[in-house]
$ cat structure.cif   # mmCIF, C-alpha atoms
data_query
loop_
_atom_site.label_atom_id
_atom_site.label_comp_id
_atom_site.auth_asym_id
_atom_site.auth_seq_id
_atom_site.Cartn_x
_atom_site.Cartn_y
_atom_site.Cartn_z
CA MET A 1 -95.88 162.45 -155.95
CA SER A 2 -96.95 160.99 -159.27
CA THR A 3 -98.71 157.66 -159.68
CA GLU A 4 -95.60 156.37 -161.46
CA THR A 5 -93.42 157.23 -158.45
CA ASN A 6 -95.91 155.54 -156.13
CA LYS A 7 -95.90 152.42 -158.33
CA ARG A 8 -92.11 152.28 -158.16
CA THR A 9 -92.27 152.53 -154.36
CA ALA A 10 -94.90 149.77 -154.26
CA ARG A 11 -92.65 147.55 -156.36
CA THR A 12 -89.72 148.35 -154.04
CA LEU A 13 -91.75 147.30 -150.99
CA PHE A 14 -92.43 143.85 -152.42
CA GLU A 15 -88.82 143.48 -153.54
CA MET A 16 -87.78 144.19 -149.94
CA VAL A 17 -90.33 141.71 -148.58
CA SER A 18 -88.91 139.11 -150.97
CA ALA A 19 -85.35 139.92 -149.90
CA GLY A 20 -86.27 139.51 -146.23
CA ALA A 21 -85.49 143.05 -145.06
CA ILE A 22 -87.96 145.94 -145.17
CA ASP A 23 -86.73 149.50 -144.72
CA PRO A 24 -89.19 151.07 -142.24
CA GLU A 25 -88.65 154.42 -143.97
CA ILE A 26 -90.82 153.24 -146.86
CA PHE A 27 -93.78 153.71 -144.48
CA THR A 28 -95.03 156.84 -142.76
CA ASP A 29 -94.70 156.90 -138.96
CA SER A 30 -98.46 156.53 -138.64
CA PHE A 31 -98.62 153.64 -141.13
CA VAL A 32 -101.55 151.29 -140.64
CA LEU A 33 -102.03 147.79 -142.03
CA TRP A 34 -105.53 146.39 -142.29
CA ALA A 35 -106.23 142.80 -143.22
CA PRO A 36 -109.82 141.56 -143.58
CA MET A 37 -108.79 138.21 -142.11
CA THR A 38 -108.17 139.68 -138.67
CA GLY A 39 -110.43 142.71 -139.07
CA GLN A 40 -107.91 144.64 -137.01
CA GLU A 41 -105.62 147.51 -137.82
CA MET A 42 -101.94 147.08 -137.05
CA SER A 43 -99.35 149.76 -136.44
CA ARG A 44 -96.01 149.81 -138.23
CA GLU A 45 -94.36 148.14 -135.22
CA GLN A 46 -97.01 145.42 -135.10
CA TYR A 47 -96.63 144.86 -138.84
CA PHE A 48 -92.87 144.38 -138.50
CA ALA A 49 -93.32 142.00 -135.55
CA GLY A 50 -95.80 139.97 -137.59
CA TYR A 51 -93.52 139.93 -140.62
CA GLU A 52 -90.55 138.71 -138.55
CA ALA A 53 -92.63 135.97 -136.88
CA LEU A 54 -93.80 134.77 -140.29
CA ARG A 55 -90.35 134.97 -141.86
CA ARG A 56 -88.89 132.68 -139.18
CA GLU A 57 -91.19 129.90 -140.40
CA PHE A 58 -89.58 129.96 -143.86
CA ARG A 59 -86.36 128.40 -145.11
CA THR A 60 -85.64 131.51 -147.15
CA PRO A 61 -87.71 134.72 -147.26
CA PHE A 62 -91.01 134.12 -149.04
CA LYS A 63 -91.24 136.06 -152.26
CA ILE A 64 -94.12 138.26 -153.34
CA ILE A 65 -94.23 138.46 -157.12
CA VAL A 66 -96.13 141.46 -158.43
CA THR A 67 -98.43 140.44 -161.29
CA GLY A 68 -100.25 143.73 -161.88
CA MET A 69 -100.63 147.30 -160.67
CA VAL A 70 -103.36 149.91 -161.05
CA ALA A 71 -102.69 153.44 -159.83
CA GLU A 72 -104.87 156.51 -159.44
CA GLU A 73 -104.31 159.62 -157.36
CA ASP A 74 -102.80 158.57 -154.00
CA ARG A 75 -103.52 154.86 -154.45
CA VAL A 76 -101.89 151.81 -155.97
CA ALA A 77 -103.71 148.47 -156.18
CA VAL A 78 -101.21 145.62 -156.44
CA GLU A 79 -102.01 142.07 -157.43
CA GLY A 80 -99.44 139.48 -156.58
CA ARG A 81 -98.70 135.96 -155.58
CA SER A 82 -96.30 134.54 -153.04
CA GLU A 83 -93.85 131.72 -153.32
CA GLY A 84 -92.11 130.26 -150.36
CA GLU A 85 -91.11 127.11 -148.56
CA PHE A 86 -91.65 126.61 -144.87
CA THR A 87 -88.93 125.13 -142.69
CA THR A 88 -91.11 122.00 -142.74
CA GLY A 89 -90.76 121.84 -146.53
CA GLU A 90 -94.40 122.71 -147.26
CA PRO A 91 -95.03 125.26 -150.00
CA TYR A 92 -96.70 128.61 -149.40
CA ARG A 93 -98.60 129.91 -152.40
CA ASN A 94 -100.89 132.81 -151.69
CA HIS A 95 -102.73 135.33 -153.87
CA TYR A 96 -102.99 139.00 -152.96
CA HIS A 97 -104.66 142.20 -154.01
CA PHE A 98 -103.16 144.96 -151.90
CA LEU A 99 -104.44 148.50 -151.78
CA LEU A 100 -101.73 151.01 -150.85
CA TYR A 101 -102.38 154.63 -149.94
CA PHE A 102 -99.49 157.07 -150.27
CA LYS A 103 -98.67 160.28 -148.52
CA ASP A 104 -95.67 162.38 -149.58
CA GLY A 105 -94.10 159.42 -151.34
CA LYS A 106 -94.43 157.03 -148.41
CA ILE A 107 -96.90 154.24 -147.81
CA ALA A 108 -99.40 155.50 -145.24
CA ARG A 109 -101.92 152.68 -145.31
CA MET A 110 -102.01 149.15 -146.67
CA HIS A 111 -104.99 146.84 -147.09
CA GLU A 112 -103.95 143.23 -147.50
CA HIS A 113 -106.64 141.24 -149.31
CA MET A 114 -105.43 137.67 -149.65
CA ASP A 115 -106.51 134.05 -149.71
CA SER A 116 -107.13 133.91 -145.96
CA LYS A 117 -108.18 130.27 -146.05
CA HIS A 118 -104.71 129.35 -147.31
CA VAL A 119 -103.21 131.32 -144.41
CA MET A 120 -105.44 129.55 -141.89
CA ASP A 121 -104.66 126.17 -143.40
CA VAL A 122 -100.89 126.45 -143.63
CA VAL A 123 -99.57 129.40 -141.62
CA MET A 124 -101.63 129.69 -138.45
CA PRO A 125 -100.95 126.17 -137.14
CA LYS A 126 -97.22 126.94 -137.26
CA LEU A 127 -97.47 130.32 -135.51
CA SER A 128 -99.63 128.95 -132.70
CA VAL A 129 -97.17 126.19 -131.77
CA SER A 130 -93.99 128.27 -132.06
CA MET B 1 -113.55 153.39 -173.62
CA SER B 2 -112.61 155.85 -170.95
CA VAL B 3 -111.51 155.02 -167.45
CA GLU B 4 -114.70 156.68 -166.19
CA ALA B 5 -116.91 154.53 -168.44
CA ASN B 6 -115.12 151.41 -167.19
CA LYS B 7 -115.64 152.52 -163.58
CA GLU B 8 -119.34 153.00 -164.26
CA THR B 9 -119.60 149.49 -165.73
CA ALA B 10 -117.76 148.06 -162.70
CA ARG B 11 -120.20 149.90 -160.38
CA ARG B 12 -123.16 148.46 -162.29
CA LEU B 13 -121.83 144.92 -162.09
CA ILE B 14 -121.14 145.16 -158.36
CA SER B 15 -124.68 146.40 -157.77
CA GLN B 16 -126.11 143.55 -159.87
CA LEU B 17 -124.22 141.00 -157.78
CA GLU B 18 -126.68 141.79 -154.97
CA THR B 19 -129.50 140.08 -156.86
CA GLY B 20 -127.49 137.88 -159.22
CA LYS B 21 -129.39 139.38 -162.18
CA ILE B 22 -126.39 140.27 -164.27
CA ASP B 23 -126.69 142.22 -167.52
CA THR B 24 -124.70 139.78 -169.61
CA SER B 25 -124.07 142.38 -172.32
CA MET B 26 -121.44 143.86 -169.96
CA LEU B 27 -119.38 140.66 -170.21
CA ALA B 28 -117.21 139.83 -173.21
CA ASP B 29 -117.81 136.44 -174.86
CA SER B 30 -114.38 135.30 -173.70
CA PHE B 31 -115.04 136.56 -170.14
CA THR B 32 -113.40 134.58 -167.36
CA MET B 33 -113.72 134.96 -163.63
CA TRP B 34 -111.38 133.78 -160.90
CA THR B 35 -111.52 133.33 -157.16
CA ALA B 36 -108.96 131.54 -155.01
CA ILE B 37 -111.69 129.09 -153.95
CA THR B 38 -113.15 128.22 -157.34
CA GLY B 39 -110.19 128.78 -159.64
CA GLU B 40 -111.00 130.11 -163.11
CA MET B 41 -114.58 129.95 -164.33
CA SER B 42 -115.92 130.51 -167.84
CA ARG B 43 -118.72 133.00 -168.58
CA GLU B 44 -121.32 130.18 -168.47
CA GLN B 45 -119.96 128.69 -165.26
CA TYR B 46 -119.91 132.09 -163.59
CA LEU B 47 -123.42 133.07 -164.65
CA GLY B 48 -124.72 129.76 -163.26
CA PHE B 49 -122.89 130.41 -159.99
CA GLY B 50 -124.28 133.97 -159.77
CA VAL B 51 -127.81 132.60 -159.81
CA ALA B 52 -127.06 130.07 -157.05
CA VAL B 53 -125.49 132.47 -154.57
CA PRO B 54 -128.41 134.91 -153.91
CA ALA B 55 -130.72 131.90 -153.34
CA VAL B 56 -128.96 131.00 -150.08
CA PHE B 57 -129.53 134.42 -148.48
CA THR B 58 -132.54 135.13 -146.27
CA LYS B 59 -131.47 138.76 -145.89
CA PRO B 60 -130.23 139.83 -149.34
CA LEU B 61 -126.57 140.56 -149.72
CA GLU B 62 -125.78 144.26 -149.85
CA LEU B 63 -122.53 145.37 -151.44
CA HIS B 64 -120.87 148.68 -150.64
CA ILE B 65 -118.01 150.06 -152.71
CA THR B 66 -115.36 151.60 -150.46
CA GLU B 67 -112.71 152.46 -153.06
CA MET B 68 -112.13 152.40 -156.80
CA THR B 69 -108.71 152.67 -158.43
CA ALA B 70 -108.60 152.78 -162.21
CA GLU B 71 -105.91 153.07 -164.84
CA GLY B 72 -105.78 152.11 -168.50
CA ASN B 73 -108.12 149.16 -169.11
CA ARG B 74 -108.28 148.07 -165.47
CA VAL B 75 -110.42 148.94 -162.48
CA ALA B 76 -109.73 147.72 -158.92
CA VAL B 77 -112.79 147.87 -156.66
CA GLN B 78 -112.72 147.41 -152.91
CA VAL B 79 -116.06 146.31 -151.48
CA HIS B 80 -117.58 145.08 -148.26
CA SER B 81 -120.79 143.12 -148.02
CA GLY B 82 -123.41 142.20 -145.48
CA GLY B 83 -126.30 139.78 -145.50
CA GLU B 84 -127.72 136.78 -143.71
CA LEU B 85 -127.55 133.21 -144.92
CA LYS B 86 -130.36 130.67 -144.76
CA THR B 87 -128.19 128.78 -142.27
CA GLY B 88 -128.88 131.70 -139.88
CA VAL B 89 -125.39 133.11 -139.85
CA PRO B 90 -124.40 136.58 -140.99
CA TYR B 91 -122.23 136.94 -144.06
CA ARG B 92 -119.90 139.92 -144.05
CA ASN B 93 -117.11 139.78 -146.54
CA ASN B 94 -114.41 142.12 -147.81
CA TYR B 95 -113.34 142.10 -151.44
CA HIS B 96 -110.83 143.66 -153.74
CA PHE B 97 -111.97 142.96 -157.29
CA LEU B 98 -109.90 143.50 -160.39
CA PHE B 99 -111.73 144.06 -163.68
CA GLU B 100 -110.05 144.12 -167.06
CA PHE B 101 -111.89 145.70 -169.96
CA GLU B 102 -111.80 145.21 -173.70
CA GLY B 103 -113.95 147.35 -176.00
CA GLY B 104 -116.00 148.55 -173.02
CA LYS B 105 -116.82 145.03 -171.83
CA ILE B 106 -115.43 143.11 -168.89
CA VAL B 107 -113.13 140.43 -170.20
CA ARG B 108 -111.56 139.30 -166.94
CA MET B 109 -112.65 139.51 -163.33
CA ARG B 110 -110.70 138.39 -160.30
CA GLU B 111 -112.51 138.34 -156.98
CA HIS B 112 -110.00 138.55 -154.15
CA MET B 113 -111.90 138.15 -150.89
CA ASP B 114 -111.76 136.76 -147.40
CA THR B 115 -111.81 133.11 -148.45
CA LYS B 116 -111.74 131.90 -144.83
CA HIS B 117 -115.03 133.67 -144.09
CA ALA B 118 -116.56 132.48 -147.39
CA SER B 119 -115.61 128.86 -146.85
CA GLU B 120 -116.88 128.87 -143.26
CA THR B 121 -120.22 130.49 -144.06
CA LEU B 122 -121.23 130.78 -147.73
CA ALA B 123 -119.77 127.48 -148.89
CA VAL B 124 -121.66 125.73 -146.06
CA ALA B 125 -124.95 127.36 -147.12
CA LEU B 126 -124.30 126.39 -150.75
CA GLY B 127 -123.63 122.84 -149.64
CA ALA B 128 -120.29 123.04 -151.38
#

$ encode --input "structure.cif" --output "structure tokens"
Amino acid sequence: MSTETNKRTARTLFEMVSAGAIDPEIFTDSFVLWAPMTGQEMSREQYFAGYEALRREFRTPFKIIVTGMVAEEDRVAVEGRSEGEFTTGEPYRNHYHFLLYFKDGKIARMHEHMDSKHVMDVVMPKLSVS
Amino acid sequence: MSVEANKETARRLISQLETGKIDTSMLADSFTMWTAITGEMSREQYLGFGVAVPAVFTKPLELHITEMTAEGNRVAVQVHSGGELKTGVPYRNNYHFLFEFEGGKIVRMREHMDTKHASETLAVALGA
């Protein structure tokens, strides 16, 4: 697959996140998510469970707006920012620099670099009490 | 400038961050740098900050590049670091930098990193 095809797929992923419904077929079966904040790798199932838990805390699905992409070989680096409003009315504004690895047109691995302090400050208190 | 030349410049800058002795000729006059913690910094603000950071390490910070992705005038660099702060705690961060180049020089740098770890450890050592 070309870097341009991979970029289109990356854009589609964040459009689906913003719409509140991610097609699992965009990922390989052995997809792994790694986030420095937790230091742990998550499977596709764990990623979906985490996404659903987070989504429930929002009035409408939080949007991830892609602000830049850099692609080479099997990789796409994606900068973005999120916009959302929690059910409590608080805003969620994060910054991201994802690194996506592709295999046969699907996302095989995703590294989620983000403003983890913002997550700790505004998201974690909500997840721990729900 | 070629993508490969930009990658080489990005590698050099990352390695110079270990000591804070940055070859300023790599940075454009209008260079700006951003982190989620500090917001945008000018060239002068950033160079002042670069000097302050290594001073709070008892075991110098080592930076290891784990991936580079380059296209056009941009280079994304994933890095992890390790060192020990004068407060006695280890500092191990993960980064995904984005560098934008103009005429072979870095004009913009965005340092995406584990801000939770930085604010709990490095910011404390800096007295910030």

$ resolve_selection --input "structure.cif" --expression "the PyMOL selection byres ((chain A) within 9 of (chain B))" --output "PDB file with C-alpha atoms, in the frame of the given file"
ATOM      1  CA  PRO A  36    -109.820 141.560-143.580  1.00  0.00           C
ATOM      2  CA  MET A  37    -108.790 138.210-142.110  1.00  0.00           C
ATOM      3  CA  MET A  69    -100.630 147.300-160.670  1.00  0.00           C
ATOM      4  CA  VAL A  70    -103.360 149.910-161.050  1.00  0.00           C
ATOM      5  CA  ALA A  71    -102.690 153.440-159.830  1.00  0.00           C
ATOM      6  CA  GLU A  72    -104.870 156.510-159.440  1.00  0.00           C
ATOM      7  CA  GLU A  73    -104.310 159.620-157.360  1.00  0.00           C
ATOM      8  CA  ARG A  75    -103.520 154.860-154.450  1.00  0.00           C
ATOM      9  CA  VAL A  76    -101.890 151.810-155.970  1.00  0.00           C
ATOM     10  CA  ALA A  77    -103.710 148.470-156.180  1.00  0.00           C
ATOM     11  CA  GLU A  79    -102.010 142.070-157.430  1.00  0.00           C
ATOM     12  CA  ASN A  94    -100.890 132.810-151.690  1.00  0.00           C
ATOM     13  CA  HIS A  95    -102.730 135.330-153.870  1.00  0.00           C
ATOM     14  CA  TYR A  96    -102.990 139.000-152.960  1.00  0.00           C
ATOM     15  CA  HIS A  97    -104.660 142.200-154.010  1.00  0.00           C
ATOM     16  CA  PHE A  98    -103.160 144.960-151.900  1.00  0.00           C
ATOM     17  CA  LEU A  99    -104.440 148.500-151.780  1.00  0.00           C
ATOM     18  CA  HIS A 113    -106.640 141.240-149.310  1.00  0.00           C
ATOM     19  CA  MET A 114    -105.430 137.670-149.650  1.00  0.00           C
ATOM     20  CA  ASP A 115    -106.510 134.050-149.710  1.00  0.00           C
ATOM     21  CA  SER A 116    -107.130 133.910-145.960  1.00  0.00           C
ATOM     22  CA  LYS A 117    -108.180 130.270-146.050  1.00  0.00           C
ATOM     23  CA  HIS A 118    -104.710 129.350-147.310  1.00  0.00           C
ATOM     24  CA  VAL A 119    -103.210 131.320-144.410  1.00  0.00           C
ATOM     25  CA  MET A 120    -105.440 129.550-141.890  1.00  0.00           C
TER      26      MET A 120
END

$ closest_residue --input "structure.cif" --among "A:Glu85, A:Asp29, A:Glu41, A:Glu4" --to "A:Leu54" --atoms "all atoms listed in the file"
A:Glu85

$ residues_around --input "structure.cif" --residues "stretch 17-28 of chain B" --least-positions-apart "4" --cutoff "8 Å" --atoms "all atoms listed in the file" --output "list in words"
Thr9, Leu13, Arg43, Leu47, Gly50, Val51, Val53, Pro54, Pro60, Leu61, Glu62, Leu63, Glu102, Gly104, Lys105, Ile106 and Val107 of chain B

$ atom_distance --input "structure.cif" --atom1 "atom CA of B:Gly83" --atom2 "atom CA of B:Val56"
10.3 Å

$ atom_distance --input "structure.cif" --atom1 "atom CA of A:Pro61" --atom2 "atom CA of A:Lys126"
15.8 Å

$ resolve_selection --input "structure.cif" --expression "the PyMOL selection byres ((chain A and resi 67) around 7)" --output "MDAnalysis selection string"
chainID A and resid 65:66 68 79:80

$ closest_residue --input "structure.cif" --among "B:Gly127, B:Tyr91, B:Met109, B:Ile14" --to "B:Phe57" --atoms "only C-alpha atoms"
B:Tyr91

$ closest_residue --input "structure.cif" --among "A:Trp34, A:Glu25, A:Arg59, A:Asp121" --to "A:Gly84" --atoms "only C-alpha atoms"
A:Arg59

$ atom_distance --input "structure.cif" --atom1 "atom CA of B:Glu44" --atom2 "atom CA of B:Glu8"
23.3 Å

$ residues_around --input "structure.cif" --residues "A:Ala19" --least-positions-apart "3" --cutoff "10 Å" --atoms "only C-alpha atoms" --output "PyMOL selection string"
chain A and resi 13-16+22+60-64

$ resolve_selection --input "structure.cif" --expression "the PyMOL selection byres ((chain A and resi 45) around 12)" --output "list in words"
Pro24, Phe27, Thr28, Asp29, Ser30, Phe31, Val32, Leu33, Glu41, Met42, Ser43, Arg44, Gln46, Tyr47, Phe48, Ala49, Gly50, Tyr51 and Glu52 of chain A

$ closest_residue --input "structure.cif" --among "A:Val78, A:Tyr101, A:Phe58, A:Val123" --to "A:Ser18" --atoms "all atoms listed in the file"
A:Phe58

$ closest_residue --input "structure.cif" --among "A:Ile26, A:Pro91, A:Gly20, A:Ser2" --to "A:Met110" --atoms "all atoms listed in the file"
A:Ile26

$ closest_residue --input "structure.cif" --among "A:Ile107, A:Val122, A:Ala53, A:Leu127" --to "A:Arg11" --atoms "all atoms listed in the file"
A:Ile107
